[in-house]
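Structure below is input-v5.pdb: PDB, C-alpha atoms.
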ATOM      1  CA  GLY A   1     195.857 -51.217 -16.423
ATOM      2  CA  TRP A   2     192.591 -50.883 -18.271
ATOM      3  CA  GLU A   3     190.472 -47.769 -17.827
ATOM      4  CA  PRO A   4     186.758 -47.318 -18.660
ATOM      5  CA  VAL A   5     186.159 -44.789 -21.431
ATOM      6  CA  LEU A   6     182.443 -45.510 -21.951
ATOM      7  CA  GLU A   7     180.000 -46.800 -19.318
ATOM      8  CA  GLU A   8     176.360 -46.792 -20.403
ATOM      9  CA  GLU A   9     174.073 -48.498 -17.875
ATOM     10  CA  PHE A  10     170.709 -47.359 -19.343
ATOM     11  CA  GLU A  11     169.423 -46.258 -15.936
ATOM     12  CA  GLY A  12     166.191 -44.327 -15.523
ATOM     13  CA  THR A  13     163.601 -43.761 -18.244
ATOM     14  CA  THR A  14     165.274 -41.109 -20.429
ATOM     15  CA  LEU A  15     167.832 -41.994 -23.099
ATOM     16  CA  ASP A  16     171.066 -39.985 -23.111
ATOM     17  CA  GLU A  17     170.668 -38.278 -26.480
ATOM     18  CA  SER A  18     174.049 -36.584 -26.145
ATOM     19  CA  LEU A  19     175.522 -40.057 -26.663
ATOM     20  CA  TRP A  20     172.945 -41.982 -28.694
ATOM     21  CA  THR A  21     171.101 -41.225 -31.926
ATOM     22  CA  LYS A  22     167.965 -43.218 -32.770
ATOM     23  CA  LEU A  23     168.106 -44.763 -36.230
ATOM     24  CA  VAL A  24     165.531 -43.635 -38.780
ATOM     25  CA  ASN A  25     165.502 -45.477 -42.088
ATOM     26  CA  ASP A  26     162.546 -45.929 -44.453
ATOM     27  CA  ASP A  27     164.161 -48.674 -46.557
ATOM     28  CA  TRP A  28     166.189 -50.944 -44.302
ATOM     29  CA  ILE A  29     165.797 -54.674 -45.018
ATOM     30  CA  ASP A  30     163.177 -56.252 -47.323
ATOM     31  CA  ASP A  31     160.803 -53.262 -47.149
ATOM     32  CA  GLY A  32     161.258 -52.962 -43.390
ATOM     33  CA  ILE A  33     161.517 -49.629 -41.619
ATOM     34  CA  GLN A  34     163.433 -48.359 -38.581
ATOM     35  CA  THR A  35     161.599 -45.880 -36.365
ATOM     36  CA  PRO A  36     162.371 -44.167 -33.025
ATOM     37  CA  ASP A  37     159.171 -45.441 -31.346
ATOM     38  CA  THR A  38     160.758 -48.888 -31.031
ATOM     39  CA  ILE A  39     163.390 -47.597 -28.568
ATOM     40  CA  ALA A  40     162.802 -47.101 -24.828
ATOM     41  CA  LEU A  41     164.390 -47.499 -21.415
ATOM     42  CA  ASP A  42     162.355 -49.906 -19.292
ATOM     43  CA  GLY A  43     163.069 -48.196 -15.952
ATOM     44  CA  GLN A  44     164.800 -51.342 -14.683
ATOM     45  CA  GLY A  45     168.254 -50.577 -16.036
ATOM     46  CA  ASN A  46     167.726 -51.905 -19.571
ATOM     47  CA  LEU A  47     167.487 -50.506 -23.062
ATOM     48  CA  GLN A  48     164.535 -52.095 -24.855
ATOM     49  CA  MET A  49     164.496 -52.384 -28.654
ATOM     50  CA  SER A  50     161.250 -53.799 -30.042
ATOM     51  CA  VAL A  51     159.621 -54.746 -33.341
ATOM     52  CA  TYR A  52     156.029 -54.367 -34.530
ATOM     53  CA  THR A  53     153.778 -54.410 -37.612
ATOM     54  CA  ASP A  54     151.852 -51.254 -38.483
ATOM     55  CA  GLU A  55     148.341 -50.910 -39.944
ATOM     56  CA  ASN A  56     149.771 -50.965 -43.490
ATOM     57  CA  GLY A  57     151.632 -54.223 -42.932
ATOM     58  CA  ARG A  58     155.093 -52.638 -42.730
ATOM     59  CA  GLU A  59     157.359 -54.135 -40.137
ATOM     60  CA  HIS A  60     159.238 -51.799 -37.801
ATOM     61  CA  GLY A  61     162.471 -52.268 -35.911
ATOM     62  CA  GLY A  62     164.904 -49.856 -34.385
ATOM     63  CA  GLY A  63     168.368 -49.091 -33.210
ATOM     64  CA  LEU A  64     170.851 -46.639 -31.774
ATOM     65  CA  MET A  65     174.248 -45.371 -32.850
ATOM     66  CA  THR A  66     176.944 -43.204 -31.292
ATOM     67  CA  GLY A  67     178.144 -41.870 -34.657
ATOM     68  CA  GLY A  68     176.943 -41.266 -38.209
ATOM     69  CA  ILE A  69     177.026 -43.374 -41.366
ATOM     70  CA  GLY A  70     176.495 -41.643 -44.675
ATOM     71  CA  SER A  71     173.170 -39.819 -44.574
ATOM     72  CA  MET A  72     172.414 -40.978 -41.018
ATOM     73  CA  GLU A  73     173.851 -38.079 -39.059
ATOM     74  CA  PRO A  74     174.523 -38.390 -35.328
ATOM     75  CA  THR A  75     173.513 -36.093 -32.505
ATOM     76  CA  PRO A  76     176.439 -33.798 -31.625
ATOM     77  CA  GLY A  77     178.615 -35.569 -29.099
ATOM     78  CA  GLY A  78     178.371 -39.302 -29.513
ATOM     79  CA  TYR A  79     181.329 -41.634 -29.127
ATOM     80  CA  ASP A  80     183.955 -43.318 -31.275
ATOM     81  CA  SER A  81     187.427 -44.682 -30.669
ATOM     82  CA  ALA A  82     190.089 -47.040 -31.982
ATOM     83  CA  TYR A  83     191.381 -50.054 -30.035
ATOM     84  CA  GLY A  84     190.312 -51.344 -26.651
ATOM     85  CA  TYR A  85     187.712 -53.809 -25.390
ATOM     86  CA  ALA A  86     184.020 -53.187 -26.078
ATOM     87  CA  GLU A  87     181.288 -55.255 -24.422
ATOM     88  CA  ALA A  88     177.495 -55.336 -24.185
ATOM     89  CA  ARG A  89     175.271 -57.459 -21.971
ATOM     90  CA  MET A  90     172.248 -58.434 -24.048
ATOM     91  CA  LEU A  91     169.147 -60.636 -24.028
ATOM     92  CA  PHE A  92     167.995 -61.840 -27.454
ATOM     93  CA  PRO A  93     164.298 -62.636 -28.122
ATOM     94  CA  ASP A  94     163.029 -65.935 -29.513
ATOM     95  CA  GLY A  95     160.439 -64.812 -32.087
ATOM     96  CA  PRO A  96     160.605 -65.594 -35.824
ATOM     97  CA  ALA A  97     162.514 -63.630 -38.452
ATOM     98  CA  THR A  98     164.197 -61.035 -36.222
ATOM     99  CA  ILE A  99     167.868 -60.014 -36.091
ATOM    100  CA  SER A 100     169.561 -58.498 -33.030
ATOM    101  CA  THR A 101     172.987 -56.884 -33.416
ATOM    102  CA  PHE A 102     175.853 -55.197 -31.582
ATOM    103  CA  TRP A 103     178.439 -53.826 -33.994
ATOM    104  CA  MET A 104     180.936 -51.074 -34.738
ATOM    105  CA  MET A 105     181.509 -49.005 -37.868
ATOM    106  CA  SER A 106     183.657 -46.115 -39.025
ATOM    107  CA  ALA A 107     182.044 -42.964 -40.406
ATOM    108  CA  ASN A 108     182.966 -44.227 -43.880
ATOM    109  CA  GLY A 109     180.488 -47.062 -43.582
ATOM    110  CA  ASN A 110     182.964 -49.563 -45.157
ATOM    111  CA  ASN A 111     181.964 -48.283 -48.604
ATOM    112  CA  SER A 112     184.335 -45.392 -49.271
ATOM    113  CA  LEU A 113     186.373 -45.414 -52.468
ATOM    114  CA  PRO A 114     188.905 -46.421 -53.519
ATOM    115  CA  PHE A 115     188.561 -49.910 -52.031
ATOM    116  CA  GLY A 116     191.471 -51.921 -50.715
ATOM    117  CA  ASP A 117     192.486 -49.901 -47.651
ATOM    118  CA  PRO A 118     190.689 -51.255 -44.555
ATOM    119  CA  ALA A 119     193.383 -49.768 -42.303
ATOM    120  CA  SER A 120     192.229 -46.218 -42.979
ATOM    121  CA  ASP A 121     188.674 -46.997 -44.113
ATOM    122  CA  GLY A 122     187.650 -49.186 -41.183
ATOM    123  CA  PRO A 123     185.739 -52.474 -41.580
ATOM    124  CA  GLU A 124     182.339 -53.209 -40.124
ATOM    125  CA  LEU A 125     182.960 -55.161 -36.897
ATOM    126  CA  ASP A 126     180.105 -57.528 -36.023
ATOM    127  CA  ILE A 127     180.509 -58.294 -32.332
ATOM    128  CA  ALA A 128     177.191 -60.139 -32.084
ATOM    129  CA  GLU A 129     174.648 -60.724 -34.849
ATOM    130  CA  HIS A 130     171.913 -63.172 -33.887
ATOM    131  CA  TYR A 131     169.381 -64.381 -36.473
ATOM    132  CA  ASN A 132     166.018 -65.822 -35.432
ATOM    133  CA  LEU A 133     165.443 -67.618 -38.721
ATOM    134  CA  PRO A 134     161.936 -68.971 -39.422
ATOM    135  CA  SER A 135     161.498 -72.690 -38.826
ATOM    136  CA  THR A 136     159.852 -73.405 -42.208
ATOM    137  CA  GLY A 137     159.803 -72.028 -45.744
ATOM    138  CA  PRO A 138     162.531 -70.920 -48.182
ATOM    139  CA  LEU A 139     164.437 -69.044 -45.468
ATOM    140  CA  ALA A 140     164.204 -71.789 -42.861
ATOM    141  CA  GLY A 141     167.128 -71.919 -40.493
ATOM    142  CA  ASP A 142     167.053 -75.728 -40.358
ATOM    143  CA  SER A 143     165.661 -76.731 -43.748
ATOM    144  CA  ASN A 144     166.275 -80.475 -43.400
ATOM    145  CA  GLY A 145     165.287 -80.778 -39.759
ATOM    146  CA  ASP A 146     168.590 -82.213 -38.542
ATOM    147  CA  GLY A 147     168.838 -79.844 -35.584
ATOM    148  CA  ARG A 148     171.763 -77.935 -37.133
ATOM    149  CA  CYS A 149     171.462 -74.352 -38.337
ATOM    150  CA  ASP A 150     171.995 -73.911 -42.086
ATOM    151  CA  TRP A 151     173.364 -70.392 -41.608
ATOM    152  CA  PRO A 152     175.971 -69.087 -41.107
ATOM    153  CA  GLY A 153     177.836 -71.948 -42.739
ATOM    154  CA  ASP A 154     177.191 -75.456 -41.487
ATOM    155  CA  SER A 155     176.657 -74.878 -37.783
ATOM    156  CA  PRO A 156     176.896 -77.870 -35.426
ATOM    157  CA  VAL A 157     174.121 -76.434 -33.212
ATOM    158  CA  PRO A 158     170.528 -75.177 -33.660
ATOM    159  CA  CYS A 159     169.942 -71.631 -34.917
ATOM    160  CA  THR A 160     168.926 -70.575 -31.414
ATOM    161  CA  GLU A 161     172.547 -71.111 -30.324
ATOM    162  CA  SER A 162     174.329 -69.806 -33.450
ATOM    163  CA  ILE A 163     175.723 -66.308 -33.826
ATOM    164  CA  LEU A 164     177.697 -64.343 -36.394
ATOM    165  CA  VAL A 165     180.887 -62.519 -35.398
ATOM    166  CA  GLY A 166     183.642 -61.017 -37.537
ATOM    167  CA  GLY A 167     183.797 -58.169 -40.021
ATOM    168  CA  HIS A 168     183.767 -57.047 -43.627
ATOM    169  CA  TRP A 169     184.816 -54.136 -45.833
ATOM    170  CA  ASP A 170     185.047 -52.870 -49.435
ATOM    171  CA  GLY A 171     181.307 -52.712 -49.988
ATOM    172  CA  PHE A 172     178.941 -55.610 -50.584
ATOM    173  CA  GLU A 173     179.472 -56.425 -54.257
ATOM    174  CA  GLU A 174     182.369 -58.040 -56.177
ATOM    175  CA  ASP A 175     185.048 -56.262 -54.111
ATOM    176  CA  HIS A 176     183.580 -57.402 -50.798
ATOM    177  CA  LYS A 177     186.005 -58.945 -48.286
ATOM    178  CA  SER A 178     185.272 -60.408 -44.886
ATOM    179  CA  PHE A 179     186.408 -62.481 -41.960
ATOM    180  CA  HIS A 180     183.238 -64.414 -41.225
ATOM    181  CA  PHE A 181     184.922 -67.757 -41.826
ATOM    182  CA  GLU A 182     183.099 -70.192 -39.569
ATOM    183  CA  PRO A 183     179.796 -70.353 -37.703
ATOM    184  CA  THR A 184     180.137 -69.325 -34.085
ATOM    185  CA  PHE A 185     178.003 -70.876 -31.396
ATOM    186  CA  ASN A 186     177.137 -70.568 -27.739
ATOM    187  CA  PRO A 187     180.112 -71.733 -25.631
ATOM    188  CA  ASN A 188     177.734 -72.418 -22.726
ATOM    189  CA  PRO A 189     174.772 -74.329 -24.245
ATOM    190  CA  ALA A 190     173.238 -74.905 -20.812
ATOM    191  CA  VAL A 191     172.124 -71.244 -20.945
ATOM    192  CA  SER A 192     170.452 -70.440 -24.286
ATOM    193  CA  LEU A 193     171.413 -67.350 -26.268
ATOM    194  CA  GLN A 194     167.682 -66.608 -26.466
ATOM    195  CA  GLY A 195     165.805 -65.443 -23.397
ATOM    196  CA  SER A 196     168.914 -65.118 -21.200
ATOM    197  CA  PHE A 197     171.448 -62.351 -20.695
ATOM    198  CA  HIS A 198     174.951 -62.924 -22.094
ATOM    199  CA  THR A 199     177.948 -60.679 -22.618
ATOM    200  CA  TYR A 200     179.387 -60.127 -26.107
ATOM    201  CA  GLY A 201     182.711 -58.382 -26.634
ATOM    202  CA  VAL A 202     185.617 -57.635 -28.936
ATOM    203  CA  LEU A 203     189.237 -56.947 -28.018
ATOM    204  CA  TRP A 204     190.622 -54.750 -30.800
ATOM    205  CA  THR A 205     194.395 -54.274 -30.924
ATOM    206  CA  PRO A 206     196.742 -53.138 -33.713
ATOM    207  CA  GLU A 207     197.477 -56.807 -34.408
ATOM    208  CA  GLU A 208     194.149 -58.631 -34.131
ATOM    209  CA  TYR A 209     190.452 -58.812 -33.277
ATOM    210  CA  ARG A 210     189.397 -61.262 -30.563
ATOM    211  CA  PHE A 211     185.685 -61.960 -30.053
ATOM    212  CA  PHE A 212     184.161 -63.167 -26.773
ATOM    213  CA  ILE A 213     180.890 -64.571 -25.447
ATOM    214  CA  ASP A 214     180.533 -64.569 -21.648
ATOM    215  CA  GLY A 215     184.263 -63.903 -21.321
ATOM    216  CA  LEU A 216     185.227 -66.931 -23.430
ATOM    217  CA  GLU A 217     187.084 -66.332 -26.693
ATOM    218  CA  VAL A 218     185.140 -67.710 -29.666
ATOM    219  CA  GLU A 219     186.974 -66.223 -32.685
ATOM    220  CA  ARG A 220     190.284 -64.488 -33.483
ATOM    221  CA  TYR A 221     191.290 -62.715 -36.719
ATOM    222  CA  THR A 222     194.458 -60.965 -37.866
ATOM    223  CA  ILE A 223     193.210 -59.469 -41.152
ATOM    224  CA  GLY A 224     191.288 -56.289 -41.922
ATOM    225  CA  GLN A 225     193.089 -54.357 -39.189
ATOM    226  CA  THR A 226     192.285 -50.667 -38.902
ATOM    227  CA  PHE A 227     193.363 -47.638 -36.911
ATOM    228  CA  ALA A 228     190.223 -45.678 -37.895
ATOM    229  CA  PRO A 229     187.953 -44.716 -34.977
ATOM    230  CA  GLU A 230     184.642 -46.563 -34.989
ATOM    231  CA  HIS A 231     181.334 -45.937 -33.260
ATOM    232  CA  ILE A 232     178.828 -48.340 -31.710
ATOM    233  CA  LEU A 233     175.484 -49.516 -33.085
ATOM    234  CA  LEU A 234     172.706 -51.570 -31.468
ATOM    235  CA  GLN A 235     169.750 -52.862 -33.511
ATOM    236  CA  THR A 236     166.760 -55.173 -33.559
ATOM    237  CA  TYR A 237     164.763 -55.506 -36.747
ATOM    238  CA  ILE A 238     162.619 -57.885 -38.778
ATOM    239  CA  ALA A 239     164.812 -59.491 -41.394
ATOM    240  CA  TYR A 240     162.225 -61.009 -43.691
ATOM    241  CA  ASN A 241     159.095 -58.965 -44.282
ATOM    242  CA  GLY A 242     155.876 -60.972 -44.066
ATOM    243  CA  LEU A 243     157.327 -63.982 -42.223
ATOM    244  CA  SER A 244     156.442 -62.799 -38.726
ATOM    245  CA  ASP A 245     153.121 -62.317 -36.963
ATOM    246  CA  PHE A 246     153.921 -59.383 -34.702
ATOM    247  CA  GLY A 247     151.171 -57.061 -33.556
ATOM    248  CA  PRO A 248     150.961 -53.262 -33.379
ATOM    249  CA  LEU A 249     153.319 -51.130 -31.311
ATOM    250  CA  GLY A 250     153.342 -52.303 -27.696
ATOM    251  CA  ALA A 251     151.603 -55.631 -28.314
ATOM    252  CA  PRO A 252     152.751 -58.268 -25.786
ATOM    253  CA  GLU A 253     153.627 -60.801 -28.491
ATOM    254  CA  ASN A 254     156.202 -58.504 -30.114
ATOM    255  CA  ASP A 255     159.892 -59.373 -29.814
ATOM    256  CA  ARG A 256     162.105 -57.210 -27.601
ATOM    257  CA  THR A 257     165.875 -57.193 -27.258
ATOM    258  CA  LEU A 258     167.160 -55.992 -23.886
ATOM    259  CA  ILE A 259     170.592 -54.407 -23.321
ATOM    260  CA  ASP A 260     171.779 -54.093 -19.742
ATOM    261  CA  TYR A 261     174.928 -52.120 -20.517
ATOM    262  CA  VAL A 262     177.467 -51.091 -23.129
ATOM    263  CA  LYS A 263     181.033 -50.470 -21.919
ATOM    264  CA  VAL A 264     184.430 -49.801 -23.466
ATOM    265  CA  TRP A 265     187.816 -50.066 -21.768
ATOM    266  CA  GLN A 266     191.188 -48.896 -23.062
ATOM    267  CA  ARG A 267     194.752 -49.033 -21.842
ATOM    268  CA  PRO A 268     196.514 -45.676 -21.460
ATOM    269  CA  VAL A 269     199.562 -45.062 -23.605
ATOM    270  CA  SER A 270     202.743 -46.092 -21.779
ATOM    271  CA  ASP A 271     206.431 -46.070 -22.568
ATOM    272  CA  VAL A 272     206.768 -49.325 -20.628
ATOM    273  CA  PRO A 273     205.697 -52.449 -22.556
ATOM    274  CA  ASP A 274     202.577 -54.195 -21.201
ATOM    275  CA  GLN A 275     201.932 -51.453 -18.648
TER     276      GLN A 275
END

Write the structure described by the file as structure tokens, please.
Amino acid sequence: GWEPVLEEEFEGTTLDESLWTKLVNDDWIDDGIQTPDTIALDGQGNLQMSVYTDENGREHGGGLMTGGIGSMEPTPGGYDSAYGYAEARMLFPDGPATISTFWMMSANGNNSLPFGDPASDGPELDIAEHYNLPSTGPLAGDSNGDGRCDWPGDSPVPCTESILVGGHWDGFEEDHKSFHFEPTFNPNPAVSLQGSFHTYGVLWTPEEYRFFIDGLEVERYTIGQTFAPEHILLQTYIAYNGLSDFGPLGAPENDRTLIDYVKVWQRPVSDVPDQ
């Protein structure tokens, strides 16, 4: 059977810093910045990741990781593993120009050389990447107003119900490879992806990656397989600097992503098939 190897419920008001490292990055996306003051436990069993605009006009987001990438070194301890089923229960906000993510990455950061060996390098695995694209302007999510999100791909649903899952490796330039083939959308449109809790998960085996929303499989891929251990990252940040109207830290109008739990299950090694 399956056994839990990570159970983070975010209880209390103090983050477990033996497991999680707060992201600090002064040059994240489009002049944005990631700072530890955006991360808190709300005392009701949730991790809260918020965004805000400081007095100089810089837009702040934040995140956590259980391992290090490049110059972002983790707190001793942390967590990484290969194979199993990883799941988070998350509530995405509905404000403009924010991105909320749940993903996994090896310590190599999918950029180690030489390229061409995802098995040992480890791809970035995007379990849930939700974009709140602005409604107007050059980065509008629905530029022609047909009710269908322009990104990723040609989605059959609004941006509020679209999500990116999959993975990529070998950097982000001409050698870049990925399995983000089709737009993925909410399998239960009666309950919006924004403002409601949903579960997002990946089943990672030696043969394939299977992605789930609320226990329903939404994508399956058999390329980019890896045996390299990967750690977990959670983030909320402002994707497009200057397109939001968030207030200072703690302002009620600021977007907040809530995470109820992060859990990982694995099957113990057995000499008996399927046991």

For the interface of segment 39-96 of chain A with segment 228-249 of chain A (cut-off 9 Å, counting all atoms listed in the file), please tabulate each contacting residue of segment 39-96 of chain A alongside its nearest pair of atoms and their separation in Å to one decimal, rows sorted by chain and increasing number, as CSV.
residue,atom,partner,partner_atom,distance
A:Met49,CA,A:Thr236,CA,6.1
A:Ser50,CA,A:Thr236,CA,6.7
A:Val51,CA,A:Tyr237,CA,6.2
A:Tyr52,CA,A:Leu249,CA,5.3
A:Thr53,CA,A:Pro248,CA,5.2
A:Asp54,CA,A:Pro248,CA,5.6
A:Glu55,CA,A:Pro248,CA,7.4
A:Gly57,CA,A:Gly242,CA,8.1
A:Arg58,CA,A:Asn241,CA,7.6
A:Glu59,CA,A:Asn241,CA,6.6
A:His60,CA,A:Tyr237,CA,6.7
A:Gly61,CA,A:Tyr237,CA,4.1
A:Gly62,CA,A:Thr236,CA,5.7
A:Gly63,CA,A:Gln235,CA,4.0
A:Leu64,CA,A:Leu234,CA,5.3
A:Met65,CA,A:Leu233,CA,4.3
A:Thr66,CA,A:Ile232,CA,5.5
A:Gly67,CA,A:His231,CA,5.4
A:Gly68,CA,A:His231,CA,8.1
A:Gly78,CA,A:His231,CA,8.2
A:Tyr79,CA,A:His231,CA,6.0
A:Asp80,CA,A:His231,CA,4.2
A:Ser81,CA,A:Pro229,CA,4.3
A:Ala82,CA,A:Pro229,CA,4.4
A:Tyr83,CA,A:Pro229,CA,8.0
A:Gly95,CA,A:Ser244,CA,8.0
A:Pro96,CA,A:Ser244,CA,5.8

* What lies within 7 Å of Trp265 of chain A using all atoms listed in the file, ignoring chain neighbours under 5 positions off, as number ranges by chain? -> A: 2-5, 84-86

Go ahead and save the residues from that selection, with C-alpha atoms, as a PDB file, keeping the file's coordinate frame.
ATOM      1  CA  TRP A   2     192.591 -50.883 -18.271  1.00  0.00           C
ATOM      2  CA  GLU A   3     190.472 -47.769 -17.827  1.00  0.00           C
ATOM      3  CA  PRO A   4     186.758 -47.318 -18.660  1.00  0.00           C
ATOM      4  CA  VAL A   5     186.159 -44.789 -21.431  1.00  0.00           C
ATOM      5  CA  GLY A  84     190.312 -51.344 -26.651  1.00  0.00           C
ATOM      6  CA  TYR A  85     187.712 -53.809 -25.390  1.00  0.00           C
ATOM      7  CA  ALA A  86     184.020 -53.187 -26.078  1.00  0.00           C
TER       8      ALA A  86
END

* To do: Please provide as a ChimeraX atom specification all residues within 6 Å of segment 161-172 of chain A, with the sequence filter that same-chain residues fewer than 3 positions apart are discarded (counting only C-alpha atoms).
  => /A:110-111,115,123-130,158,175-180,184-186,193

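The two atoms in question, atom CA of Leu133 of chain A and atom CA of Leu91 of chain A, are spaced 16.7 Å apart.
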
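In terms of minimum interatomic distance to Ile223 of chain A, A:Ala119 ranks closest within A:Glu182, A:Asn56, A:Leu258, A:Ala119, counting all atoms listed in the file.
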
* **Neighbour residues at most 12 Å from (174.8, -60.1, -21.5) (all atoms listed in the file) as a PyMOL selection string** => chain A and resi 46+87-92+102+128+191-201+212-215+257-263

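With atom CA of Leu15 of chain A on one side and atom CA of Thr98 of chain A on the other, the separation reads 23.4 Å.
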
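The coordinates place atom CA of Val202 of chain A at 17.4 Å from atom CA of Gly1 of chain A.
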
* Structure fact -> Across A:Asn144, A:Thr38, A:Gln266, A:Thr101, the smallest distance to Val24 of chain A, with only C-alpha atoms counted, is shown by A:Thr38

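Comparing the minimum interatomic distances between Asn188 of chain A and each of A:Met104, A:Leu41, A:Leu203, A:Val157, counting all atoms listed in the file, we find that A:Val157 sits nearest.
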
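Applied to this file, the PyMOL selection byres ((chain A and resi 9-12) around 6) selects the residues Glu8, Thr13, Thr14, Gly43, Gly45, Asn46, Leu47 and Tyr261 of chain A.
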
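With only C-alpha atoms as the atoms that count, the minimum distance from Thr21 of chain A to the choices A:Thr35, A:Thr222, A:Ser143, A:Asn254 is reached by A:Thr35.
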